[in-house]
file work_5.pdb (PDB, C-alpha atoms)
ATOM      1  CA  MET A  53     -35.833 -41.801 -45.509
ATOM      2  CA  TRP A  54     -34.284 -42.247 -42.102
ATOM      3  CA  ILE A  55     -30.785 -41.538 -40.973
ATOM      4  CA  TYR A  56     -29.872 -43.755 -38.064
ATOM      5  CA  GLU A  57     -26.943 -42.760 -35.911
ATOM      6  CA  LYS A  58     -25.679 -45.924 -34.286
ATOM      7  CA  LYS A  59     -25.651 -44.715 -30.700
ATOM      8  CA  LEU A  60     -28.289 -44.422 -28.042
ATOM      9  CA  GLN A  61     -29.996 -41.083 -27.493
ATOM     10  CA  TYR A  62     -28.923 -41.426 -23.850
ATOM     11  CA  PRO A  63     -26.251 -43.846 -22.590
ATOM     12  CA  ALA A  64     -28.099 -46.658 -20.824
ATOM     13  CA  TRP A  65     -25.964 -48.031 -18.039
ATOM     14  CA  VAL A  66     -26.484 -50.262 -15.056
ATOM     15  CA  GLU A  67     -24.475 -50.799 -11.887
ATOM     16  CA  SER A  68     -25.917 -54.112 -10.779
ATOM     17  CA  CYS A  69     -27.738 -57.206 -11.932
ATOM     18  CA  ASP A  70     -31.082 -56.209 -10.432
ATOM     19  CA  LEU A  71     -33.333 -58.731 -12.160
ATOM     20  CA  ARG A  72     -36.334 -57.417 -10.265
ATOM     21  CA  ILE A  73     -36.076 -54.032 -12.022
ATOM     22  CA  ALA A  74     -35.405 -55.761 -15.351
ATOM     23  CA  LYS A  75     -38.772 -57.491 -15.025
ATOM     24  CA  LEU A  76     -40.471 -54.194 -14.177
ATOM     25  CA  LEU A  77     -38.800 -52.398 -17.101
ATOM     26  CA  PHE A  78     -40.812 -54.583 -19.468
ATOM     27  CA  ALA A  79     -43.736 -52.243 -18.641
ATOM     28  CA  GLN A  80     -42.013 -49.635 -20.797
ATOM     29  CA  TYR A  81     -40.885 -52.169 -23.395
ATOM     30  CA  GLY A  82     -44.170 -53.843 -24.252
ATOM     31  CA  GLY A  83     -46.917 -52.577 -21.976
ATOM     32  CA  PRO A  84     -49.954 -50.459 -22.849
ATOM     33  CA  ASP A  85     -48.130 -47.218 -21.962
ATOM     34  CA  SER A  86     -44.763 -48.370 -23.308
ATOM     35  CA  GLU A  87     -42.404 -46.630 -25.661
ATOM     36  CA  LEU A  88     -43.430 -49.107 -28.384
ATOM     37  CA  SER A  89     -47.111 -48.278 -27.942
ATOM     38  CA  ALA A  90     -46.412 -44.545 -27.985
ATOM     39  CA  GLY A  91     -44.216 -44.665 -31.058
ATOM     40  CA  LEU A  92     -46.689 -46.670 -33.089
ATOM     41  CA  ARG A  93     -49.632 -44.564 -31.876
ATOM     42  CA  TYR A  94     -48.070 -41.283 -32.966
ATOM     43  CA  LEU A  95     -46.742 -42.606 -36.260
ATOM     44  CA  SER A  96     -50.228 -43.972 -37.062
ATOM     45  CA  GLN A  97     -52.060 -40.769 -36.137
ATOM     46  CA  ARG A  98     -49.851 -38.355 -38.064
ATOM     47  CA  TYR A  99     -51.444 -38.912 -41.467
ATOM     48  CA  ASN A 100     -54.782 -37.285 -40.634
ATOM     49  CA  MET A 101     -53.399 -34.263 -38.847
ATOM     50  CA  PRO A 102     -54.826 -31.175 -40.604
ATOM     51  CA  ILE A 103     -51.682 -29.035 -40.585
ATOM     52  CA  PRO A 104     -48.064 -29.783 -41.497
ATOM     53  CA  GLU A 105     -46.807 -28.648 -38.066
ATOM     54  CA  ALA A 106     -48.921 -31.298 -36.345
ATOM     55  CA  LYS A 107     -47.772 -34.015 -38.735
ATOM     56  CA  ALA A 108     -44.179 -33.019 -38.048
ATOM     57  CA  VAL A 109     -44.619 -33.136 -34.264
ATOM     58  CA  LEU A 110     -46.190 -36.594 -34.361
ATOM     59  CA  THR A 111     -43.444 -37.841 -36.676
ATOM     60  CA  ASP A 112     -40.684 -36.349 -34.514
ATOM     61  CA  ILE A 113     -42.058 -37.653 -31.236
ATOM     62  CA  GLY A 114     -43.060 -41.020 -32.723
ATOM     63  CA  THR A 115     -39.541 -41.691 -33.962
ATOM     64  CA  GLU A 116     -38.054 -40.451 -30.689
ATOM     65  CA  GLU A 117     -40.252 -42.945 -28.826
ATOM     66  CA  LEU A 118     -38.689 -45.729 -30.888
ATOM     67  CA  ALA A 119     -35.269 -44.444 -29.800
ATOM     68  CA  HIS A 120     -36.523 -44.636 -26.196
ATOM     69  CA  TRP A 121     -37.693 -48.197 -26.843
ATOM     70  CA  GLU A 122     -34.115 -48.993 -27.788
ATOM     71  CA  ILE A 123     -32.845 -47.458 -24.542
ATOM     72  CA  ILE A 124     -35.262 -49.565 -22.469
ATOM     73  CA  ALA A 125     -34.238 -52.667 -24.426
ATOM     74  CA  THR A 126     -30.582 -51.923 -23.739
ATOM     75  CA  LEU A 127     -31.216 -51.505 -20.011
ATOM     76  CA  ILE A 128     -33.104 -54.792 -19.802
ATOM     77  CA  TYR A 129     -30.524 -56.667 -21.831
ATOM     78  CA  LYS A 130     -27.583 -55.298 -19.840
ATOM     79  CA  ILE A 131     -29.250 -56.507 -16.648
ATOM     80  CA  ILE A 132     -30.243 -59.997 -17.837
ATOM     81  CA  GLU A 133     -27.365 -60.882 -20.178
ATOM     82  CA  ARG A 134     -25.259 -62.610 -17.493
ATOM     83  CA  ALA A 135     -28.073 -64.009 -15.360
ATOM     84  CA  THR A 136     -28.377 -67.752 -15.106
ATOM     85  CA  PRO A 137     -31.641 -69.507 -15.917
ATOM     86  CA  LYS A 138     -32.054 -70.177 -12.184
ATOM     87  CA  GLN A 139     -31.614 -66.477 -11.360
ATOM     88  CA  LEU A 140     -34.125 -65.542 -14.054
ATOM     89  CA  GLU A 141     -36.604 -68.062 -12.633
ATOM     90  CA  GLU A 142     -36.148 -66.654  -9.127
ATOM     91  CA  ALA A 143     -36.874 -63.157 -10.498
ATOM     92  CA  SER A 144     -40.117 -64.372 -12.114
ATOM     93  CA  LEU A 145     -38.531 -64.173 -15.572
ATOM     94  CA  GLY A 146     -38.456 -67.958 -16.014
ATOM     95  CA  ALA A 147     -41.363 -68.043 -18.488
ATOM     96  CA  HIS A 148     -39.684 -65.320 -20.529
ATOM     97  CA  TYR A 149     -36.437 -67.299 -20.554
ATOM     98  CA  VAL A 150     -38.147 -70.531 -21.573
ATOM     99  CA  GLN A 151     -39.963 -68.866 -24.486
ATOM    100  CA  HIS A 152     -37.384 -66.286 -25.589
ATOM    101  CA  GLY A 153     -34.075 -66.966 -23.886
ATOM    102  CA  ARG A 154     -32.397 -63.632 -23.268
ATOM    103  CA  ASP A 155     -33.864 -62.126 -26.438
ATOM    104  CA  LEU A 156     -36.245 -59.304 -25.747
ATOM    105  CA  TYR A 157     -39.888 -59.785 -26.561
ATOM    106  CA  PRO A 158     -42.506 -57.045 -26.232
ATOM    107  CA  HIS A 159     -44.617 -57.817 -23.182
ATOM    108  CA  ASP A 160     -45.499 -55.924 -20.050
ATOM    109  CA  ALA A 161     -44.085 -56.443 -16.559
ATOM    110  CA  SER A 162     -46.587 -59.264 -15.962
ATOM    111  CA  GLY A 163     -45.623 -61.077 -19.170
ATOM    112  CA  VAL A 164     -48.747 -60.099 -21.154
ATOM    113  CA  PRO A 165     -47.687 -59.802 -24.825
ATOM    114  CA  TRP A 166     -47.888 -56.440 -26.570
ATOM    115  CA  THR A 167     -50.984 -55.927 -28.699
ATOM    116  CA  ALA A 168     -52.039 -53.299 -31.231
ATOM    117  CA  ALA A 169     -55.129 -52.805 -29.046
ATOM    118  CA  TYR A 170     -52.853 -50.637 -26.873
ATOM    119  CA  ILE A 171     -52.759 -47.868 -29.479
ATOM    120  CA  GLN A 172     -55.521 -45.478 -30.414
ATOM    121  CA  ALA A 173     -56.119 -43.654 -33.673
ATOM    122  CA  ILE A 174     -59.608 -42.364 -34.477
ATOM    123  CA  GLU A 175     -59.215 -39.781 -37.309
ATOM    124  CA  ASP A 176     -60.156 -36.928 -35.015
ATOM    125  CA  PRO A 177     -57.076 -34.768 -34.453
ATOM    126  CA  ILE A 178     -58.435 -33.226 -31.246
ATOM    127  CA  ALA A 179     -59.285 -36.617 -29.734
ATOM    128  CA  ASN A 180     -55.959 -38.072 -30.859
ATOM    129  CA  LEU A 181     -53.928 -35.239 -29.361
ATOM    130  CA  HIS A 182     -55.796 -35.525 -26.046
ATOM    131  CA  GLU A 183     -55.060 -39.268 -26.136
ATOM    132  CA  ASP A 184     -51.398 -38.499 -26.806
ATOM    133  CA  MET A 185     -51.160 -36.077 -23.904
ATOM    134  CA  ALA A 186     -52.729 -38.661 -21.592
ATOM    135  CA  ALA A 187     -50.310 -41.312 -22.877
ATOM    136  CA  GLU A 188     -47.349 -39.080 -22.062
ATOM    137  CA  GLU A 189     -48.635 -38.487 -18.539
ATOM    138  CA  LYS A 190     -49.134 -42.230 -17.991
ATOM    139  CA  ALA A 191     -45.611 -42.929 -19.247
ATOM    140  CA  ARG A 192     -44.214 -40.206 -16.955
ATOM    141  CA  THR A 193     -45.987 -41.791 -13.998
ATOM    142  CA  THR A 194     -44.693 -45.249 -14.939
ATOM    143  CA  TYR A 195     -41.144 -43.892 -15.052
ATOM    144  CA  GLU A 196     -41.617 -42.350 -11.616
ATOM    145  CA  HIS A 197     -42.780 -45.716 -10.276
ATOM    146  CA  LEU A 198     -39.797 -47.466 -11.892
ATOM    147  CA  ILE A 199     -37.361 -44.922 -10.443
ATOM    148  CA  GLN A 200     -38.847 -45.521  -6.985
ATOM    149  CA  SER A 201     -38.421 -49.287  -7.492
ATOM    150  CA  THR A 202     -34.638 -49.433  -7.856
ATOM    151  CA  ASN A 203     -31.452 -48.312  -6.153
ATOM    152  CA  ASP A 204     -29.299 -48.745  -9.268
ATOM    153  CA  ARG A 205     -27.863 -45.283  -9.932
ATOM    154  CA  GLY A 206     -27.329 -45.928 -13.646
ATOM    155  CA  VAL A 207     -30.871 -47.155 -14.162
ATOM    156  CA  ILE A 208     -32.240 -44.203 -12.174
ATOM    157  CA  GLU A 209     -30.298 -41.687 -14.281
ATOM    158  CA  THR A 210     -31.422 -43.290 -17.525
ATOM    159  CA  LEU A 211     -35.059 -43.479 -16.429
ATOM    160  CA  SER A 212     -34.905 -39.876 -15.208
ATOM    161  CA  PHE A 213     -33.832 -38.783 -18.698
ATOM    162  CA  LEU A 214     -36.737 -40.706 -20.240
ATOM    163  CA  ARG A 215     -39.164 -39.268 -17.686
ATOM    164  CA  GLU A 216     -38.115 -35.729 -18.590
ATOM    165  CA  ARG A 217     -38.651 -36.455 -22.289
ATOM    166  CA  GLU A 218     -42.234 -37.499 -21.483
ATOM    167  CA  VAL A 219     -42.776 -34.068 -19.896
ATOM    168  CA  VAL A 220     -41.403 -32.354 -23.016
ATOM    169  CA  HIS A 221     -43.607 -34.495 -25.267
ATOM    170  CA  PHE A 222     -46.670 -33.611 -23.201
ATOM    171  CA  GLN A 223     -45.861 -29.925 -23.622
ATOM    172  CA  ARG A 224     -45.294 -30.247 -27.374
ATOM    173  CA  PHE A 225     -48.594 -32.087 -27.800
ATOM    174  CA  GLY A 226     -50.332 -29.319 -25.825
ATOM    175  CA  GLU A 227     -48.848 -26.681 -28.138
ATOM    176  CA  THR A 228     -49.844 -28.762 -31.161
ATOM    177  CA  LEU A 229     -53.391 -29.162 -29.836
ATOM    178  CA  ARG A 230     -53.696 -25.365 -29.618
ATOM    179  CA  LEU A 231     -52.466 -24.957 -33.219
ATOM    180  CA  VAL A 232     -54.846 -27.617 -34.512
ATOM    181  CA  GLN A 233     -57.796 -26.122 -32.621
ATOM    182  CA  GLU A 234     -57.037 -22.681 -34.064
ATOM    183  CA  HIS A 235     -56.848 -24.158 -37.552
ATOM    184  CA  LEU A 236     -60.094 -26.090 -37.163
ATOM    185  CA  ASP A 237     -61.911 -23.111 -35.592
ATOM    186  CA  ARG A 238     -61.151 -21.076 -38.701
ATOM    187  CA  LYS A 239     -62.767 -23.810 -40.762
ATOM    188  CA  MET A 240     -65.827 -23.912 -38.463
ATOM    189  CA  TYR A 241     -65.042 -27.531 -37.665
ATOM    190  CA  TYR A 242     -65.518 -27.183 -33.915
TER     191      TYR A 242
END
call {"tool": "encode", "arguments": {"input": "work_5.pdb", "output": "structure tokens"}}
result
Amino acid sequence: MWIYEKKLQYPAWVESCDLRIAKLLFAQYGGPDSELSAGLRYLSQRYNMPIPEAKAVLTDIGTEELAHWEIIATLIYKIIERATPKQLEEASLGAHYVQHGRDLYPHDASGVPWTAAYIQAIEDPIANLHEDMAAEEKARTTYEHLIQSTNDRGVIETLSFLREREVVHFQRFGETLRLVQEHLDRKMYY
């Protein structure tokens, strides 16, 4: 059972109608290292974790990633909601507008639709946790690139919050990896 508090984990706000950054933000909405990909990856991998602590961490972080997906969606929507079709076309969002209007659709910054091929789950807890740590580092790097790509103070603050959460997730996965390795060593698994 989920309890959903109807507010964003962090208040997404924008100062300007920077359609260029809106297009780039789709990397974190529907790209291979996006919040959607991370959330689904972790929620898929949690079932075969060998200890309850690891299952809990993947569940916690997986659901938090979905909250981050909502923050990215809110940023994008706040930027594009008042843009004209001509402005969207000029910002290379014309194809998105033609196919989806101003509704959000999971694709990357280049318009490539999201695919389940972006997520990994292989029933090896050690491999999965290494994959998860790498995913967090790639997301952190993407946020750094996005922050460097805009001057909008509100967008920068929101992306900085999300970047810091990626660092925390990386650390939690590292701690979880150690716990899982200790558990598996006792069972002579590795």
call {"tool": "resolve_selection", "arguments": {"input": "work_5.pdb", "expression": "the PyMOL selection byres ((chain A and resi 67-73) around 7)", "output": "PyMOL selection string"}}
result
chain A and resi 65-66+74-77+131-132+143+201-202+204-206
call {"tool": "write_last_selection", "arguments": {"input": "work_5.pdb", "atoms": "C-alpha atoms", "output": "short mmCIF file (atom, residue, chain, number, x, y, z; two decimals), in the coordinates of the input"}}
result
data_model
loop_
_atom_site.label_atom_id
_atom_site.label_comp_id
_atom_site.auth_asym_id
_atom_site.auth_seq_id
_atom_site.Cartn_x
_atom_site.Cartn_y
_atom_site.Cartn_z
CA TRP A 65 -25.96 -48.03 -18.04
CA VAL A 66 -26.48 -50.26 -15.06
CA ALA A 74 -35.40 -55.76 -15.35
CA LYS A 75 -38.77 -57.49 -15.02
CA LEU A 76 -40.47 -54.19 -14.18
CA LEU A 77 -38.80 -52.40 -17.10
CA ILE A 131 -29.25 -56.51 -16.65
CA ILE A 132 -30.24 -60.00 -17.84
CA ALA A 143 -36.87 -63.16 -10.50
CA SER A 201 -38.42 -49.29 -7.49
CA THR A 202 -34.64 -49.43 -7.86
CA ASP A 204 -29.30 -48.74 -9.27
CA ARG A 205 -27.86 -45.28 -9.93
CA GLY A 206 -27.33 -45.93 -13.65
#
call {"tool": "resolve_selection", "arguments": {"input": "work_5.pdb", "expression": "the PyMOL selection byres ((chain A and resi 146) around 12)", "output": "compact mmCIF listing (two decimals) with C-alpha atoms, in the coordinates of the input"}}
result
# COMPACT_ATOMS: atom_id res chain seq x y z
CA LEU A 71 -33.33 -58.73 -12.16
CA LYS A 75 -38.77 -57.49 -15.02
CA ILE A 132 -30.24 -60.00 -17.84
CA ALA A 135 -28.07 -64.01 -15.36
CA THR A 136 -28.38 -67.75 -15.11
CA PRO A 137 -31.64 -69.51 -15.92
CA LYS A 138 -32.05 -70.18 -12.18
CA GLN A 139 -31.61 -66.48 -11.36
CA LEU A 140 -34.12 -65.54 -14.05
CA GLU A 141 -36.60 -68.06 -12.63
CA GLU A 142 -36.15 -66.65 -9.13
CA ALA A 143 -36.87 -63.16 -10.50
CA SER A 144 -40.12 -64.37 -12.11
CA LEU A 145 -38.53 -64.17 -15.57
CA ALA A 147 -41.36 -68.04 -18.49
CA HIS A 148 -39.68 -65.32 -20.53
CA TYR A 149 -36.44 -67.30 -20.55
CA VAL A 150 -38.15 -70.53 -21.57
CA GLN A 151 -39.96 -68.87 -24.49
CA HIS A 152 -37.38 -66.29 -25.59
CA GLY A 153 -34.08 -66.97 -23.89
CA ARG A 154 -32.40 -63.63 -23.27
CA SER A 162 -46.59 -59.26 -15.96
CA GLY A 163 -45.62 -61.08 -19.17
call {"tool": "residues_around", "arguments": {"input": "work_5.pdb", "residues": "Ala79 of chain A", "least_positions_apart": "2", "cutoff": "8 Å", "atoms": "all atoms listed in the file", "output": "MDAnalysis selection string"}}
result
chainID A and resid 76:77 81:86 159:161 194
call {"tool": "atom_distance", "arguments": {"input": "work_5.pdb", "atom1": "atom CA of Glu57 of chain A", "atom2": "atom CA of Pro158 of chain A"}}
result
23.2 Å
call {"tool": "resolve_selection", "arguments": {"input": "work_5.pdb", "expression": "the PyMOL selection byres ((chain A and resi 230) around 12)", "output": "PyMOL selection string"}}
result
chain A and resi 103+105-106+177-178+181-182+223-229+231-237
call {"tool": "residues_around", "arguments": {"input": "work_5.pdb", "residues": "Leu214 of chain A", "least_positions_apart": "2", "cutoff": "12 Å", "atoms": "all atoms listed in the file", "output": "PyMOL selection string"}}
result
chain A and resi 61-64+80+86-87+116-124+188+191-196+198-199+207-212+216-221
call {"tool": "write_last_selection", "arguments": {"input": "work_5.pdb", "atoms": "C-alpha atoms", "output": "PDB file, in the frame of the given file"}}
result
ATOM      1  CA  GLN A  61     -29.996 -41.083 -27.493  1.00  0.00           C
ATOM      2  CA  TYR A  62     -28.923 -41.426 -23.850  1.00  0.00           C
ATOM      3  CA  PRO A  63     -26.251 -43.846 -22.590  1.00  0.00           C
ATOM      4  CA  ALA A  64     -28.099 -46.658 -20.824  1.00  0.00           C
ATOM      5  CA  GLN A  80     -42.013 -49.635 -20.797  1.00  0.00           C
ATOM      6  CA  SER A  86     -44.763 -48.370 -23.308  1.00  0.00           C
ATOM      7  CA  GLU A  87     -42.404 -46.630 -25.661  1.00  0.00           C
ATOM      8  CA  GLU A 116     -38.054 -40.451 -30.689  1.00  0.00           C
ATOM      9  CA  GLU A 117     -40.252 -42.945 -28.826  1.00  0.00           C
ATOM     10  CA  LEU A 118     -38.689 -45.729 -30.888  1.00  0.00           C
ATOM     11  CA  ALA A 119     -35.269 -44.444 -29.800  1.00  0.00           C
ATOM     12  CA  HIS A 120     -36.523 -44.636 -26.196  1.00  0.00           C
ATOM     13  CA  TRP A 121     -37.693 -48.197 -26.843  1.00  0.00           C
ATOM     14  CA  GLU A 122     -34.115 -48.993 -27.788  1.00  0.00           C
ATOM     15  CA  ILE A 123     -32.845 -47.458 -24.542  1.00  0.00           C
ATOM     16  CA  ILE A 124     -35.262 -49.565 -22.469  1.00  0.00           C
ATOM     17  CA  GLU A 188     -47.349 -39.080 -22.062  1.00  0.00           C
ATOM     18  CA  ALA A 191     -45.611 -42.929 -19.247  1.00  0.00           C
ATOM     19  CA  ARG A 192     -44.214 -40.206 -16.955  1.00  0.00           C
ATOM     20  CA  THR A 193     -45.987 -41.791 -13.998  1.00  0.00           C
ATOM     21  CA  THR A 194     -44.693 -45.249 -14.939  1.00  0.00           C
ATOM     22  CA  TYR A 195     -41.144 -43.892 -15.052  1.00  0.00           C
ATOM     23  CA  GLU A 196     -41.617 -42.350 -11.616  1.00  0.00           C
ATOM     24  CA  LEU A 198     -39.797 -47.466 -11.892  1.00  0.00           C
ATOM     25  CA  ILE A 199     -37.361 -44.922 -10.443  1.00  0.00           C
ATOM     26  CA  VAL A 207     -30.871 -47.155 -14.162  1.00  0.00           C
ATOM     27  CA  ILE A 208     -32.240 -44.203 -12.174  1.00  0.00           C
ATOM     28  CA  GLU A 209     -30.298 -41.687 -14.281  1.00  0.00           C
ATOM     29  CA  THR A 210     -31.422 -43.290 -17.525  1.00  0.00           C
ATOM     30  CA  LEU A 211     -35.059 -43.479 -16.429  1.00  0.00           C
ATOM     31  CA  SER A 212     -34.905 -39.876 -15.208  1.00  0.00           C
ATOM     32  CA  GLU A 216     -38.115 -35.729 -18.590  1.00  0.00           C
ATOM     33  CA  ARG A 217     -38.651 -36.455 -22.289  1.00  0.00           C
ATOM     34  CA  GLU A 218     -42.234 -37.499 -21.483  1.00  0.00           C
ATOM     35  CA  VAL A 219     -42.776 -34.068 -19.896  1.00  0.00           C
ATOM     36  CA  VAL A 220     -41.403 -32.354 -23.016  1.00  0.00           C
ATOM     37  CA  HIS A 221     -43.607 -34.495 -25.267  1.00  0.00           C
TER      38      HIS A 221
END
call {"tool": "closest_residue", "arguments": {"input": "work_5.pdb", "among": "A:Arg98, A:Ser89, A:Ala173, A:Thr115", "to": "Ile55 of chain A", "atoms": "only C-alpha atoms"}}
result
A:Thr115
call {"tool": "atom_distance", "arguments": {"input": "work_5.pdb", "atom1": "atom CA of Arg215 of chain A", "atom2": "atom CA of Glu189 of chain A"}}
result
9.5 Å
call {"tool": "closest_residue", "arguments": {"input": "work_5.pdb", "among": "A:Phe78, A:Leu88, A:Tyr94, A:Leu60", "to": "Asn180 of chain A", "atoms": "only C-alpha atoms"}}
result
A:Tyr94
call {"tool": "axis_aligned_box", "arguments": {"input": "work_5.pdb", "around": "segment 141-152 of chain A", "padding_each_side": "5 Å", "output": "lines of an AutoDock Vina configuration file"}}
result
center_x = -38.8
center_y = -66.8
center_z = -17.4
size_x = 15.2
size_y = 17.4
size_z = 26.5
call {"tool": "build_atoms", "arguments": {"input": "work_5.pdb", "residues": "segment 175-189 of chain A", "atoms": "N, CA, C and O atoms", "output": "mmCIF file, in the coordinates of the input"}}
result
data_model
loop_
_atom_site.group_PDB
_atom_site.id
_atom_site.type_symbol
_atom_site.label_atom_id
_atom_site.label_comp_id
_atom_site.auth_asym_id
_atom_site.auth_seq_id
_atom_site.Cartn_x
_atom_site.Cartn_y
_atom_site.Cartn_z
ATOM 1 N N GLU A 175 -58.996 -40.759 -36.239
ATOM 2 C CA GLU A 175 -59.215 -39.781 -37.309
ATOM 3 C C GLU A 175 -59.872 -38.499 -36.811
ATOM 4 O O GLU A 175 -60.517 -37.786 -37.560
ATOM 5 N N ASP A 176 -59.718 -38.199 -35.571
ATOM 6 C CA ASP A 176 -60.156 -36.928 -35.015
ATOM 7 C C ASP A 176 -58.919 -36.320 -34.367
ATOM 8 O O ASP A 176 -58.456 -36.807 -33.328
ATOM 9 N N PRO A 177 -58.343 -35.281 -34.967
ATOM 10 C CA PRO A 177 -57.076 -34.768 -34.453
ATOM 11 C C PRO A 177 -57.149 -34.274 -33.010
ATOM 12 O O PRO A 177 -56.191 -34.438 -32.255
ATOM 13 N N ILE A 178 -58.287 -33.712 -32.623
ATOM 14 C CA ILE A 178 -58.435 -33.226 -31.246
ATOM 15 C C ILE A 178 -58.444 -34.414 -30.277
ATOM 16 O O ILE A 178 -57.731 -34.421 -29.272
ATOM 17 N N ALA A 179 -59.233 -35.421 -30.589
ATOM 18 C CA ALA A 179 -59.285 -36.617 -29.734
ATOM 19 C C ALA A 179 -57.929 -37.300 -29.679
ATOM 20 O O ALA A 179 -57.470 -37.721 -28.605
ATOM 21 N N ASN A 180 -57.264 -37.417 -30.830
ATOM 22 C CA ASN A 180 -55.959 -38.072 -30.859
ATOM 23 C C ASN A 180 -54.932 -37.320 -30.024
ATOM 24 O O ASN A 180 -54.151 -37.929 -29.287
ATOM 25 N N LEU A 181 -54.910 -36.004 -30.128
ATOM 26 C CA LEU A 181 -53.928 -35.239 -29.361
ATOM 27 C C LEU A 181 -54.206 -35.292 -27.856
ATOM 28 O O LEU A 181 -53.270 -35.342 -27.049
ATOM 29 N N HIS A 182 -55.480 -35.326 -27.470
ATOM 30 C CA HIS A 182 -55.796 -35.525 -26.046
ATOM 31 C C HIS A 182 -55.324 -36.912 -25.599
ATOM 32 O O HIS A 182 -54.775 -37.058 -24.493
ATOM 33 N N GLU A 183 -55.540 -37.915 -26.423
ATOM 34 C CA GLU A 183 -55.060 -39.268 -26.136
ATOM 35 C C GLU A 183 -53.541 -39.267 -25.974
ATOM 36 O O GLU A 183 -52.993 -39.903 -25.071
ATOM 37 N N ASP A 184 -52.856 -38.543 -26.841
ATOM 38 C CA ASP A 184 -51.398 -38.499 -26.806
ATOM 39 C C ASP A 184 -50.894 -37.820 -25.532
ATOM 40 O O ASP A 184 -49.918 -38.274 -24.920
ATOM 41 N N MET A 185 -51.551 -36.751 -25.141
ATOM 42 C CA MET A 185 -51.160 -36.077 -23.904
ATOM 43 C C MET A 185 -51.370 -36.997 -22.699
ATOM 44 O O MET A 185 -50.517 -37.066 -21.806
ATOM 45 N N ALA A 186 -52.479 -37.711 -22.687
ATOM 46 C CA ALA A 186 -52.729 -38.661 -21.592
ATOM 47 C C ALA A 186 -51.685 -39.775 -21.599
ATOM 48 O O ALA A 186 -51.199 -40.186 -20.531
ATOM 49 N N ALA A 187 -51.318 -40.251 -22.777
ATOM 50 C CA ALA A 187 -50.310 -41.312 -22.877
ATOM 51 C C ALA A 187 -48.973 -40.850 -22.306
ATOM 52 O O ALA A 187 -48.286 -41.611 -21.609
ATOM 53 N N GLU A 188 -48.610 -39.612 -22.583
ATOM 54 C CA GLU A 188 -47.349 -39.080 -22.062
ATOM 55 C C GLU A 188 -47.386 -38.972 -20.538
ATOM 56 O O GLU A 188 -46.397 -39.255 -19.863
ATOM 57 N N GLU A 189 -48.510 -38.572 -20.000
ATOM 58 C CA GLU A 189 -48.635 -38.487 -18.539
ATOM 59 C C GLU A 189 -48.575 -39.877 -17.894
ATOM 60 O O GLU A 189 -47.970 -40.048 -16.836
#
